[in-house]
Every structure is written in structure tokens, then in C-alpha cells.
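> One file is attached below, start.cif, containing mmCIF, C-alpha atoms.
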data_my_file
#
loop_
_atom_site.label_atom_id
_atom_site.label_comp_id
_atom_site.auth_asym_id
_atom_site.auth_seq_id
_atom_site.Cartn_x
_atom_site.Cartn_y
_atom_site.Cartn_z
CA MET A 1 41.00 39.87 18.96
CA GLN A 2 38.38 39.70 21.71
CA ARG A 3 36.36 42.83 22.31
CA LYS A 4 36.76 44.03 25.86
CA SER A 5 33.69 44.50 28.03
CA SER A 6 32.63 48.09 28.41
CA LYS A 7 32.16 48.15 32.18
CA PRO A 8 34.02 46.53 35.07
CA ARG A 9 32.58 43.16 36.00
CA ASP A 10 30.27 42.94 38.97
CA ASN A 11 31.18 39.52 40.25
CA PHE A 12 28.97 39.37 43.35
CA GLU A 13 26.56 36.77 41.92
CA LEU A 14 29.49 34.72 40.60
CA ARG A 15 31.15 34.73 44.03
CA SER A 16 27.84 33.91 45.68
CA TRP A 17 27.34 30.95 43.33
CA TYR A 18 30.89 29.72 43.87
CA PHE A 19 30.60 30.13 47.64
CA MET A 20 27.45 27.98 47.64
CA ARG A 21 29.33 25.12 45.93
CA VAL A 22 32.39 25.25 48.21
CA SER A 23 30.46 25.85 51.44
CA GLY A 24 27.94 23.14 50.51
CA ALA A 25 30.71 20.57 50.11
CA LEU A 26 32.36 21.66 53.39
CA ILE A 27 29.06 21.59 55.29
CA VAL A 28 28.42 18.00 54.17
CA VAL A 29 31.78 16.93 55.63
CA LEU A 30 31.41 18.96 58.85
CA ALA A 31 27.79 17.90 59.39
CA ILE A 32 28.68 14.22 58.97
CA ILE A 33 31.51 14.55 61.52
CA HIS A 34 29.09 16.33 63.86
CA LEU A 35 26.43 13.63 63.44
CA ILE A 36 28.88 10.77 63.96
CA TYR A 37 30.39 12.38 67.06
CA VAL A 38 27.17 13.49 68.73
CA HIS A 39 24.75 10.73 67.73
CA TYR A 40 26.93 7.71 67.15
CA VAL A 41 30.02 8.03 69.36
CA HIS A 42 28.06 9.52 72.26
CA GLY A 43 24.31 9.34 71.58
CA VAL A 44 21.64 11.94 72.30
CA ASP A 45 21.05 10.70 75.87
CA GLU A 46 24.42 12.08 76.88
CA ILE A 47 23.89 15.54 75.39
CA SER A 48 23.61 18.20 78.05
CA ALA A 49 25.13 21.59 78.85
CA GLY A 50 27.87 19.70 80.71
CA PHE A 51 28.69 17.64 77.61
CA ILE A 52 29.09 20.80 75.52
CA ALA A 53 31.11 22.53 78.26
CA GLU A 54 33.48 19.57 78.40
CA ARG A 55 33.79 19.47 74.64
CA TRP A 56 34.56 23.18 74.43
CA LEU A 57 37.53 22.76 76.76
CA ASN A 58 39.19 21.67 73.54
CA PRO A 59 39.64 24.75 71.27
CA THR A 60 39.55 22.56 68.16
CA TRP A 61 35.88 21.74 68.83
CA ARG A 62 35.13 25.42 69.38
CA ILE A 63 36.67 26.27 66.01
CA PHE A 64 34.84 23.31 64.42
CA ASP A 65 31.48 24.47 65.80
CA PHE A 66 32.17 28.10 64.89
CA VAL A 67 33.06 27.20 61.30
CA LEU A 68 29.96 25.00 61.01
CA LEU A 69 27.74 27.76 62.42
CA THR A 70 29.23 30.40 60.10
CA LEU A 71 29.04 28.27 56.96
CA ALA A 72 25.52 27.02 57.72
CA LEU A 73 24.20 30.54 58.35
CA LEU A 74 25.89 32.06 55.30
CA HIS A 75 24.95 29.13 53.03
CA GLY A 76 21.37 28.98 54.28
CA GLY A 77 21.02 32.76 54.35
CA ASN A 78 22.34 33.16 50.82
CA GLY A 79 20.04 30.36 49.60
CA MET A 80 17.08 32.12 51.19
CA ARG A 81 18.15 35.43 49.58
CA ILE A 82 18.05 33.78 46.16
CA LEU A 83 14.66 32.17 46.88
CA VAL A 84 13.22 35.48 48.09
CA ASP A 85 14.50 37.19 44.92
CA ASP A 86 12.74 34.57 42.80
CA TYR A 87 9.49 34.02 44.61
CA ILE A 88 8.58 37.31 46.34
CA ARG A 89 7.97 39.64 43.45
CA PRO A 90 6.25 42.73 44.99
CA LYS A 91 9.16 45.05 45.76
CA GLY A 92 7.95 46.13 49.20
CA TRP A 93 7.42 42.56 50.41
CA ARG A 94 10.76 41.52 48.97
CA THR A 95 12.60 44.30 50.82
CA PHE A 96 10.72 43.33 54.01
CA ALA A 97 11.58 39.63 53.60
CA LEU A 98 15.25 40.32 52.82
CA THR A 99 15.61 42.73 55.75
CA SER A 100 14.01 40.19 58.10
CA LEU A 101 16.28 37.47 56.74
CA TYR A 102 19.45 39.52 57.25
CA ILE A 103 18.38 40.45 60.81
CA VAL A 104 17.66 36.80 61.73
CA VAL A 105 20.96 35.60 60.23
CA PHE A 106 22.88 38.35 62.03
CA LEU A 107 21.20 37.65 65.39
CA LEU A 108 21.79 33.90 65.16
CA PHE A 109 25.40 34.51 64.21
CA ALA A 110 25.92 37.09 66.97
CA VAL A 111 24.37 34.96 69.72
CA GLY A 112 25.97 31.67 68.56
CA GLY A 113 29.36 33.24 67.91
CA LEU A 114 29.39 35.14 71.20
CA VAL A 115 28.62 31.99 73.20
CA MET A 116 31.23 29.92 71.39
CA LEU A 117 34.01 32.47 71.64
CA THR A 118 33.41 33.66 75.20
CA TYR A 119 32.12 30.55 77.03
CA GLN A 120 34.22 29.99 80.13
CA GLY A 121 32.90 26.61 81.31
CA MET B 1 -16.50 13.92 3.78
CA ILE B 2 -15.37 17.44 3.03
CA THR B 3 -18.12 19.21 1.17
CA ASP B 4 -16.98 22.79 1.67
CA ARG B 5 -14.14 23.33 -0.84
CA SER B 6 -12.89 26.40 1.04
CA VAL B 7 -11.68 24.08 3.80
CA PRO B 8 -8.06 23.07 3.22
CA ILE B 9 -7.53 19.51 2.04
CA VAL B 10 -6.28 17.46 4.94
CA THR B 11 -5.11 13.91 5.37
CA HIS B 12 -7.21 13.16 8.43
CA ILE B 13 -10.73 13.23 7.04
CA LYS B 14 -13.78 12.12 8.96
CA GLY B 15 -13.97 8.38 9.32
CA ALA B 16 -10.28 8.05 10.13
CA ALA B 17 -8.87 5.26 12.22
CA MET B 18 -9.46 6.45 15.78
CA GLN B 19 -11.23 8.98 17.89
CA VAL B 20 -9.38 10.97 20.52
CA THR B 21 -10.58 13.41 23.14
CA LEU B 22 -8.81 16.75 23.18
CA ARG B 23 -9.06 18.74 26.38
CA ILE B 24 -8.03 22.22 25.34
CA MET B 25 -7.52 25.19 27.65
CA ARG B 26 -9.62 27.96 26.15
CA PHE B 27 -9.44 31.65 26.98
CA ASP B 28 -11.15 34.51 25.23
CA PRO B 29 -9.99 37.80 26.81
CA GLU B 30 -13.21 39.50 25.68
CA LYS B 31 -15.49 36.99 27.43
CA ASP B 32 -13.63 34.90 29.98
CA LYS B 33 -12.22 35.98 33.30
CA LYS B 34 -10.28 32.76 33.66
CA PRO B 35 -9.17 30.07 31.22
CA VAL B 36 -11.59 27.15 30.94
CA MET B 37 -10.95 23.57 29.85
CA LYS B 38 -13.15 22.38 26.95
CA SER B 39 -13.35 18.90 25.46
CA TYR B 40 -13.55 18.02 21.77
CA LYS B 41 -13.60 14.81 19.82
CA ALA B 42 -11.28 14.44 16.86
CA GLU B 43 -10.94 11.67 14.32
CA VAL B 44 -7.30 11.00 13.57
CA GLU B 45 -4.80 8.34 12.59
CA PRO B 46 -2.40 7.10 15.30
CA THR B 47 0.43 8.43 13.14
CA ASP B 48 -1.09 11.91 12.89
CA ARG B 49 0.42 14.70 14.94
CA VAL B 50 -1.29 16.59 17.74
CA LEU B 51 -1.27 19.57 15.38
CA ASP B 52 -3.49 17.55 13.00
CA ALA B 53 -5.92 16.97 15.86
CA LEU B 54 -5.94 20.71 16.64
CA ASN B 55 -6.54 21.45 12.96
CA TYR B 56 -9.40 18.95 13.00
CA VAL B 57 -11.02 20.75 15.93
CA LYS B 58 -10.56 24.16 14.32
CA TRP B 59 -11.78 23.11 10.87
CA TYR B 60 -14.66 20.83 11.82
CA GLU B 61 -15.66 21.46 15.44
CA ASP B 62 -14.96 25.01 16.60
CA GLY B 63 -13.50 27.63 14.27
CA THR B 64 -12.89 30.05 17.13
CA LEU B 65 -10.00 27.97 18.50
CA ALA B 66 -6.80 30.02 18.32
CA TYR B 67 -3.28 28.57 18.14
CA ARG B 68 -0.04 29.34 16.31
CA ARG B 69 1.43 27.15 13.63
CA SER B 70 3.49 27.84 10.56
CA CYS B 71 5.83 25.31 8.98
CA ALA B 72 4.26 22.32 10.78
CA HIS B 73 7.54 20.41 10.52
CA GLY B 74 9.38 21.24 13.73
CA ILE B 75 11.49 24.05 12.31
CA CYS B 76 9.68 27.34 12.89
CA GLY B 77 8.97 26.80 16.59
CA SER B 78 5.47 28.32 16.44
CA ASP B 79 3.36 25.59 17.95
CA ALA B 80 5.00 24.83 21.28
CA VAL B 81 2.26 24.02 23.79
CA ILE B 82 1.90 21.91 26.91
CA ILE B 83 0.70 18.45 25.87
CA ASN B 84 -0.28 16.18 28.78
CA GLY B 85 1.79 18.34 31.11
CA VAL B 86 4.95 18.37 28.98
CA ASN B 87 6.22 21.17 26.74
CA ARG B 88 6.22 19.86 23.20
CA LEU B 89 5.80 20.98 19.60
CA ALA B 90 2.30 19.97 18.46
CA CYS B 91 3.72 19.29 14.98
CA LYS B 92 6.33 16.80 16.24
CA THR B 93 4.19 14.89 18.71
CA LEU B 94 2.41 11.83 17.37
CA ILE B 95 -1.06 10.90 18.61
CA GLN B 96 0.09 7.32 19.25
CA ASP B 97 2.68 8.63 21.71
CA VAL B 98 0.28 10.64 23.87
CA GLY B 99 -2.81 8.45 24.25
CA LYS B 100 -6.50 8.87 23.51
CA THR B 101 -7.12 11.73 25.95
CA ILE B 102 -4.87 14.65 25.18
CA THR B 103 -4.70 17.73 27.36
CA ILE B 104 -3.39 20.82 25.61
CA GLU B 105 -2.56 24.04 27.44
CA PRO B 106 -0.72 27.23 26.49
CA LEU B 107 2.95 27.57 27.54
CA ALA B 108 3.37 28.47 31.22
CA GLY B 109 5.03 31.66 32.38
CA PHE B 110 3.74 33.89 29.58
CA LYS B 111 0.57 35.98 29.43
CA VAL B 112 -2.14 34.15 27.49
CA LEU B 113 -3.51 36.33 24.67
CA LYS B 114 -6.13 33.87 23.41
CA ASP B 115 -6.58 30.10 23.82
CA LEU B 116 -3.15 28.59 23.08
CA ILE B 117 -1.56 31.85 21.93
CA VAL B 118 0.78 33.47 24.43
CA ASP B 119 2.62 36.79 24.43
CA PHE B 120 6.19 36.05 23.28
CA GLU B 121 7.40 39.64 23.61
CA PRO B 122 9.15 39.24 27.01
CA PHE B 123 10.82 36.11 25.62
CA PHE B 124 12.16 37.94 22.55
CA GLU B 125 13.21 40.86 24.73
CA GLN B 126 15.38 38.50 26.80
CA TYR B 127 16.66 36.97 23.55
CA ARG B 128 17.67 40.37 22.15
CA SER B 129 19.36 41.32 25.43
CA VAL B 130 22.20 38.78 24.88
CA LEU B 131 23.24 40.22 21.47
CA PRO B 132 22.32 37.09 19.47
CA TYR B 133 24.17 38.01 16.29
CA LEU B 134 27.75 37.94 15.00
CA ILE B 135 29.84 40.89 16.18
CA ASN B 136 33.16 41.24 14.43
CA ASN B 137 34.79 44.62 13.89
CA ASP B 138 37.62 43.39 11.68
CA PRO B 139 37.55 44.52 8.04
CA LYS B 140 35.19 42.36 6.01
CA PRO B 141 36.97 39.43 4.38
CA ILE B 142 36.69 38.98 0.63
CA LYS B 143 35.32 35.47 1.06
CA GLU B 144 33.72 33.75 4.06
CA ARG B 145 35.18 33.85 7.56
CA LEU B 146 36.94 30.53 7.90
CA GLN B 147 36.63 28.30 10.94
CA SER B 148 38.09 24.90 11.78
CA PRO B 149 35.72 21.95 12.30
CA GLU B 150 36.95 21.78 15.93
CA ASP B 151 35.99 25.41 16.56
CA ARG B 152 32.62 24.86 14.89
CA GLU B 153 32.00 21.83 17.08
CA LYS B 154 32.14 23.97 20.26
CA PHE B 155 28.77 25.60 19.58
CA ASP B 156 27.26 23.11 17.14
CA ASP B 157 24.57 21.99 19.58
CA THR B 158 23.27 25.49 20.31
CA THR B 159 22.87 26.40 16.62
CA LYS B 160 19.86 24.07 16.58
CA CYS B 161 17.62 26.39 18.64
CA ILE B 162 14.36 27.36 16.92
CA LEU B 163 13.19 29.83 19.61
CA CYS B 164 10.05 27.85 20.42
CA ALA B 165 10.38 28.79 24.13
CA SER B 166 9.79 25.20 25.30
CA CYS B 167 12.90 25.36 27.50
CA THR B 168 12.29 28.79 29.00
CA THR B 169 8.66 28.03 29.80
CA SER B 170 9.56 24.71 31.44
CA CYS B 171 11.90 26.46 33.89
CA PRO B 172 10.40 26.87 37.38
CA ILE B 173 12.71 29.81 38.03
CA TYR B 174 11.35 31.59 34.95
CA TRP B 175 7.75 30.92 36.06
CA ALA B 176 8.46 32.64 39.36
CA ASN B 177 10.92 35.27 38.23
CA PRO B 178 10.33 36.88 34.82
CA ASP B 179 13.54 38.89 35.25
CA TYR B 180 15.56 35.70 34.71
CA VAL B 181 17.01 35.79 31.20
CA GLY B 182 15.94 32.15 30.71
CA PRO B 183 17.51 29.05 29.16
CA SER B 184 16.74 29.97 25.56
CA ALA B 185 18.51 33.34 25.71
CA ILE B 186 21.53 31.63 27.32
CA VAL B 187 21.56 28.98 24.58
CA ASN B 188 21.57 31.72 21.94
CA ALA B 189 24.30 33.63 23.77
CA HIS B 190 26.30 30.36 23.94
CA ARG B 191 26.01 30.02 20.17
CA PHE B 192 28.03 33.25 19.73
CA ILE B 193 30.19 33.25 22.89
CA PHE B 194 31.94 30.07 21.71
CA ASP B 195 32.11 31.09 18.05
CA SER B 196 35.76 31.78 17.15
CA ARG B 197 34.65 34.36 14.54
CA ASP B 198 32.82 36.50 17.09
CA GLN B 199 34.47 39.25 19.16
CA ALA B 200 31.83 40.16 21.75
CA ALA B 201 32.03 37.16 24.07
CA ALA B 202 33.17 39.33 26.99
CA GLU B 203 30.16 41.62 26.59
CA ARG B 204 27.74 38.69 26.52
CA LEU B 205 29.40 37.09 29.53
CA ASP B 206 29.00 40.38 31.40
CA ILE B 207 25.31 40.47 30.50
CA LEU B 208 24.88 36.92 31.79
CA ASN B 209 27.05 37.47 34.89
CA THR B 210 24.31 39.39 36.69
CA ARG B 211 21.49 38.86 39.14
CA SER B 212 19.11 37.91 36.33
CA GLY B 213 21.71 35.96 34.33
CA VAL B 214 23.08 32.41 34.43
CA TRP B 215 23.43 32.29 38.24
CA ARG B 216 19.66 32.00 38.62
CA CYS B 217 19.85 28.54 37.01
CA ARG B 218 19.48 25.76 39.61
CA THR B 219 20.40 22.93 37.22
CA ILE B 220 16.89 21.51 37.32
CA PHE B 221 17.23 20.02 33.79
CA ASN B 222 13.57 20.72 32.83
CA CYS B 223 14.88 22.75 29.88
CA THR B 224 16.97 19.88 28.53
CA GLU B 225 14.00 17.50 28.75
CA ALA B 226 11.66 20.02 27.13
CA CYS B 227 13.82 20.90 24.10
CA PRO B 228 12.22 19.47 20.93
CA ARG B 229 15.58 19.85 19.16
CA GLU B 230 17.37 17.82 21.81
CA ILE B 231 19.79 20.60 22.64
CA GLU B 232 21.67 19.91 25.87
CA VAL B 233 20.43 23.18 27.32
CA THR B 234 21.68 22.66 30.88
CA ARG B 235 25.13 21.78 29.56
CA ALA B 236 25.15 25.02 27.51
CA ILE B 237 24.23 27.00 30.63
CA GLU B 238 27.01 25.26 32.58
CA ASP B 239 29.46 26.03 29.73
CA VAL B 240 28.60 29.72 30.09
CA LYS B 241 28.94 29.59 33.89
CA ARG B 242 32.34 27.96 33.49
CA ALA B 243 33.40 30.57 30.90
CA ILE B 244 32.52 33.35 33.35
CA LEU B 245 34.20 31.53 36.25
CA TYR B 246 37.42 30.70 34.45
CA GLY B 247 37.36 33.60 31.98
CA GLU B 248 37.40 31.38 28.91
CA SER B 249 35.35 31.36 25.73
#
Starting from the file, lay out its structure as C-alpha cells.


Amino acid sequence: MQRKSSKPRDNFELRSWYFMRVSGALIVVLAIIHLIYVHYVHGVDEISAGFIAERWLNPTWRIFDFVLLTLALLHGGNGMRILVDDYIRPKGWRTFALTSLYIVVFLLFAVGGLVMLTYQG
Amino acid sequence: MITDRSVPIVTHIKGAAMQVTLRIMRFDPEKDKKPVMKSYKAEVEPTDRVLDALNYVKWYEDGTLAYRRSCAHGICGSDAVIINGVNRLACKTLIQDVGKTITIEPLAGFKVLKDLIVDFEPFFEQYRSVLPYLINNDPKPIKERLQSPEDREKFDDTTKCILCASCTTSCPIYWANPDYVGPSAIVNAHRFIFDSRDQAAAERLDILNTRSGVWRCRTIFNCTEACPREIEVTRAIEDVKRAILYGES
């Protein structure tokens, strides 16, 4: 008979670890599609606000870009959280670094998400 | 020739086959502010161990040199040091394998007490935190607790740990973050988590399923390379991650 654990499991770090694996794999696929489309099919010379506006007429591209933005920010932000935990040991500096990180991630997400979801062409 | 009979009889007497230079990181907490590198010459055979060279320095060159050693045969895990940048046991490393200039430093990530002696207490504290002993609340059997060879095989590799701390002190995460439980503690938790006779796997998995537990591991593999017992440390850590993820043990 297995002894049961005494307290309910806190699975946040497990979920965070699992999310990094799944999101990492997805980001590789999405980033490759993005690179092929923007740099190979079209080329950087064509990239302008007009190019993006035209692309966003298609809702699929909006969803694609929104998913890529969300995954990249969460994956990168969570990676930075783990690095800060490891490498910034003084508690005050760690709190400062984590707070700054969360603010930057939130602002980037808010600005990027707002533009993608409300852009009217 | 040894003239002082109080000196232990050793195999590598003066006039041996070759001379090597030992660069040893010295630190005396009563005198030094920082560790300093000092060079010594030692006469050894190519088939001698680095521990023999250290003994040579201590017995013939500088008696103040401090280092740990006990069994001198790779079992007690006392003499893990950094030899030419790699964590190794001084008693298992042959001179012929490390060249004529040998740099020896104390293990990284621990406080240096003196010369090559480091404070192991945080390491043993992490070790104790994973309950590294058999927990079984069933009534004691009359004879031994039986186990099939297949069940024994599951944790065979991790029974080999000698607690030398080579793995833990080779881990860059442990260098930066002393809260991390470290590869060695996970290996010793693995030894009981996958033991069919033990009943506290869930408790150990809970201990390791935390901020300072297995999730800090970045699969760098330094620990596996450092292990003088050739334990597949990273695999053991991954086994524990998988057990937490899929709820198996």
C-alpha cells in the first residue's frame, strides 16, 4: 500500500515545466511558418504597415499572430522568471526584477493584443 | 628515502618515475582573505592516483595542506575535488590520465573551510530533506522483505551513490541557487521512490515537486559526466519528473 501524501499537491512548478515543453514545440512550428512566409515567400523589402494591414484582413493570420505573441511572451516570461529565481539571490532585488518582468510582459501583451484584436485596416 | 619512521609507508617514495607539478588552491581562513593557487612538485608513478600526489605534498612538502580522504578506493566519497576543471575523486584518478601539470581546487558551490575541505552541511541537509531511508509501516516480516529482480532493477543504478557531491557541485543551477535540492538528493530519493518495498514515494514526490525540487533541473548533463560511479544522474532526475507528471512510481 502506498502512503498518501500529507498535503495537497502544489502543481504550479509542474504545470510551468510542462507548459514550457508544449509551448516550446509550438513556438518552433509557428516561428518557422512566420519566417518562411515573411522572409522567404515575401522578403523583408515588402514588409510595411500596408503588408500587415493586408495580411490582417484574413482573421486566420490575426489568430496566428495572436497565438504566437501569447506563447512567446508566456514562454519567454516564464523562462526569465526561472532565471531570476536562480541568479538573483538578494530577496529585494529578486522581487524588483520579477515585478519589472511581469509589468513588461503585461504591457507587451496588452499593446500587441490590443492592436491585433482591434486593428481596422 | 624515508628516514622519519613516523611518516606512513607509501608506495611513491622519492626517486619515483616522474615529476608532476601540482597547482593546489590553498585557503587558510585564519590568514587568507581569498584562496591562492600554490605550486608543488611531486614525484609519482604514472599509475599513481592524484590522491598519492596530494599525500606526497602533505607528507614531504607542506604538512599544512588540508584535504579529506578516508578509504582511498572510491567508496567513501571523501576526496571529491576539481581536478583540471573536472569534478573527480582524487583516489580514482590516475596521474597518467591528467598530465604533468595538475590543477586541484575544492568543489564549487560550497563554502571552503580550509584548502580542499568544503562545508558539506548544506549538501547533507538537502539529502536528509528527501527522506533517504526505507519507510514501510507494515508489520515487520519474519524474514527479509522480498523483491523481484525486475523490481530491484528499477533503482539499481541509484543505489551506487556514495554521496561524494561531485554531481551536485557540477550543477550550474546549484552554484547559483543553493535552494535547489541538487542532483545527489534526487538520486537518493529515486533510490527509494522506485523501491517496491517502500511506502513513502508520494511524500518524496511532493517534496521534489516544488520550486526548489526537480523542476529546477535544466537537463545540462554535467551531473552525469561528473559522477565517479557512472550513475545516469540526469536519467534518474527525468524518471522522477515523469513519476510526478504521470503519477507513477

> Report as CSV the residues of chain B within 6 Å of chain A, each with its shortest atom pair and distance in Å (one decimal), using all atoms listed in the file, ordered by chain and increasing residue number.


residue,atom,partner,partner_atom,distance
B:Ala176,CA,A:Tyr87,CA,5.5
B:Asn177,CA,A:Asp86,CA,5.0
B:Gln199,CA,A:Gln2,CA,4.7
B:Ala200,CA,A:Arg3,CA,5.3
B:Ala202,CA,A:Ser5,CA,5.3
B:Glu203,CA,A:Ser5,CA,4.8

> Would you kindly translate the PyMOL selection byres ((chain A and resi 98) around 12) into the concrete residues it picks from this file, as a PyMOL selection string?

chain A and resi 77-89+91-97+99-105

> Starting from the PyMOL selection byres ((chain B and resi 49-57) around 9), expand the selection into actual residues of this file and give them as a ChimeraX atom specification.

/B:10-13,20,22,40-48,58-63,65,67,69,72,79,83,89-96,98,102

> Hey, can I get the axis-aligned box for stretch 49-57 of chain A? All listed atoms, 5 Å padding on each side, centre and edge lengths in Å to one decimal, as JSON.


{"center_x": 31.3, "center_y": 20.4, "center_z": 77.6, "size_x": 22.4, "size_y": 15.5, "size_z": 16.3}

> Would you mind listing what lies within 6 Å of stretch 209-219 of chain B as a PyMOL selection string, with all atoms listed in the file counted and same-chain residues fewer than 5 positions away left out?

chain B and resi 179-181

> For the point (-10.1, 18.4, 27.6) in file coordinates, what residues are within 10 Å, counting only C-alpha atoms? Give the answer as JSON, numbers by chain?

{"B": [21, 22, 23, 24, 25, 26, 36, 37, 38, 39, 40, 41, 101, 102, 103, 104, 105]}

> Assuming the chain letters and numbering stay as they are in my file, what does the PyMOL selection byres ((chain B and resi 198) around 12) actually select? List them as an MDAnalysis selection string.

(chainID A and resid 1:3) or (chainID B and resid 131:138 145:147 151:152 155 189:197 199:204 249)

> How many Å lie between atom CA of A:Trp56 and atom CA of A:Leu117, rounded to one decimal?

9.7 Å

> Find, counting only C-alpha atoms, the residue in A:Arg62, A:Arg55, A:Glu46, A:Val67 that gets nearest to A:Leu26.

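Nearest to A:Leu26: A:Val67.
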
> Quote the spacing between atom CA of A:Val111 and atom CA of A:Leu73 in Å to one decimal place.

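Calculated distance between atom CA of A:Val111 and atom CA of A:Leu73 is 12.2 Å.
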
> So how far away is atom CA of A:Met20 from atom CA of A:Leu108, in Å?

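Separation between atom CA of A:Leu108 and atom CA of A:Met20: 19.3 Å.
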
> Hey, what's within 9 Å of B:Ser166 if we count only C-alpha atoms and toss same-chain stuff fewer than 4 positions away? As a PyMOL selection string, please?

chain B and resi 77+80-82+87-89+107+170-171+184+223+226-228

> Using the selection just defined, write its residues with C-alpha atoms as a JSON list (two decimals), in the frame of the given file.


[["chain", "number", "residue", "atom", "x", "y", "z"],
["B", 77, "GLY", "CA", 8.97, 26.80, 16.59],
["B", 80, "ALA", "CA", 5.00, 24.83, 21.28],
["B", 81, "VAL", "CA", 2.26, 24.02, 23.79],
["B", 82, "ILE", "CA", 1.90, 21.91, 26.91],
["B", 87, "ASN", "CA", 6.22, 21.17, 26.74],
["B", 88, "ARG", "CA", 6.22, 19.86, 23.20],
["B", 89, "LEU", "CA", 5.80, 20.98, 19.60],
["B", 107, "LEU", "CA", 2.95, 27.57, 27.54],
["B", 170, "SER", "CA", 9.56, 24.71, 31.44],
["B", 171, "CYS", "CA", 11.90, 26.46, 33.89],
["B", 184, "SER", "CA", 16.74, 29.97, 25.56],
["B", 223, "CYS", "CA", 14.88, 22.75, 29.88],
["B", 226, "ALA", "CA", 11.66, 20.02, 27.13],
["B", 227, "CYS", "CA", 13.82, 20.90, 24.10],
["B", 228, "PRO", "CA", 12.22, 19.47, 20.93]]

> Write out as a ChimeraX atom specification which residues come within 12 Å of A:Pro59 when counting only C-alpha atoms, dropping same-chain ones fewer than 6 positions away.

/A:53,65-66,116-120

> Kindly export the residues of the current selection with C-alpha atoms, as a short mmCIF file (atom, residue, chain, number, x, y, z; two decimals), in the frame of the given file.


data_model
loop_
_atom_site.label_atom_id
_atom_site.label_comp_id
_atom_site.auth_asym_id
_atom_site.auth_seq_id
_atom_site.Cartn_x
_atom_site.Cartn_y
_atom_site.Cartn_z
CA ALA A 53 31.11 22.53 78.26
CA ASP A 65 31.48 24.47 65.80
CA PHE A 66 32.17 28.10 64.89
CA MET A 116 31.23 29.92 71.39
CA LEU A 117 34.01 32.47 71.64
CA THR A 118 33.41 33.66 75.20
CA TYR A 119 32.12 30.55 77.03
CA GLN A 120 34.22 29.99 80.13
#

> Which of these residues is nearest to A:Thr70, using only C-alpha atoms: A:Ala110, A:Leu57, A:Leu35, A:Val44?

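Looking at the shortest contact to A:Thr70, the residue is A:Ala110.
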
> So which one's closest to A:Gly76, A:Phe19, A:Ile47, A:Pro90, A:Gly113? Using only C-alpha atoms, please.

A:Phe19
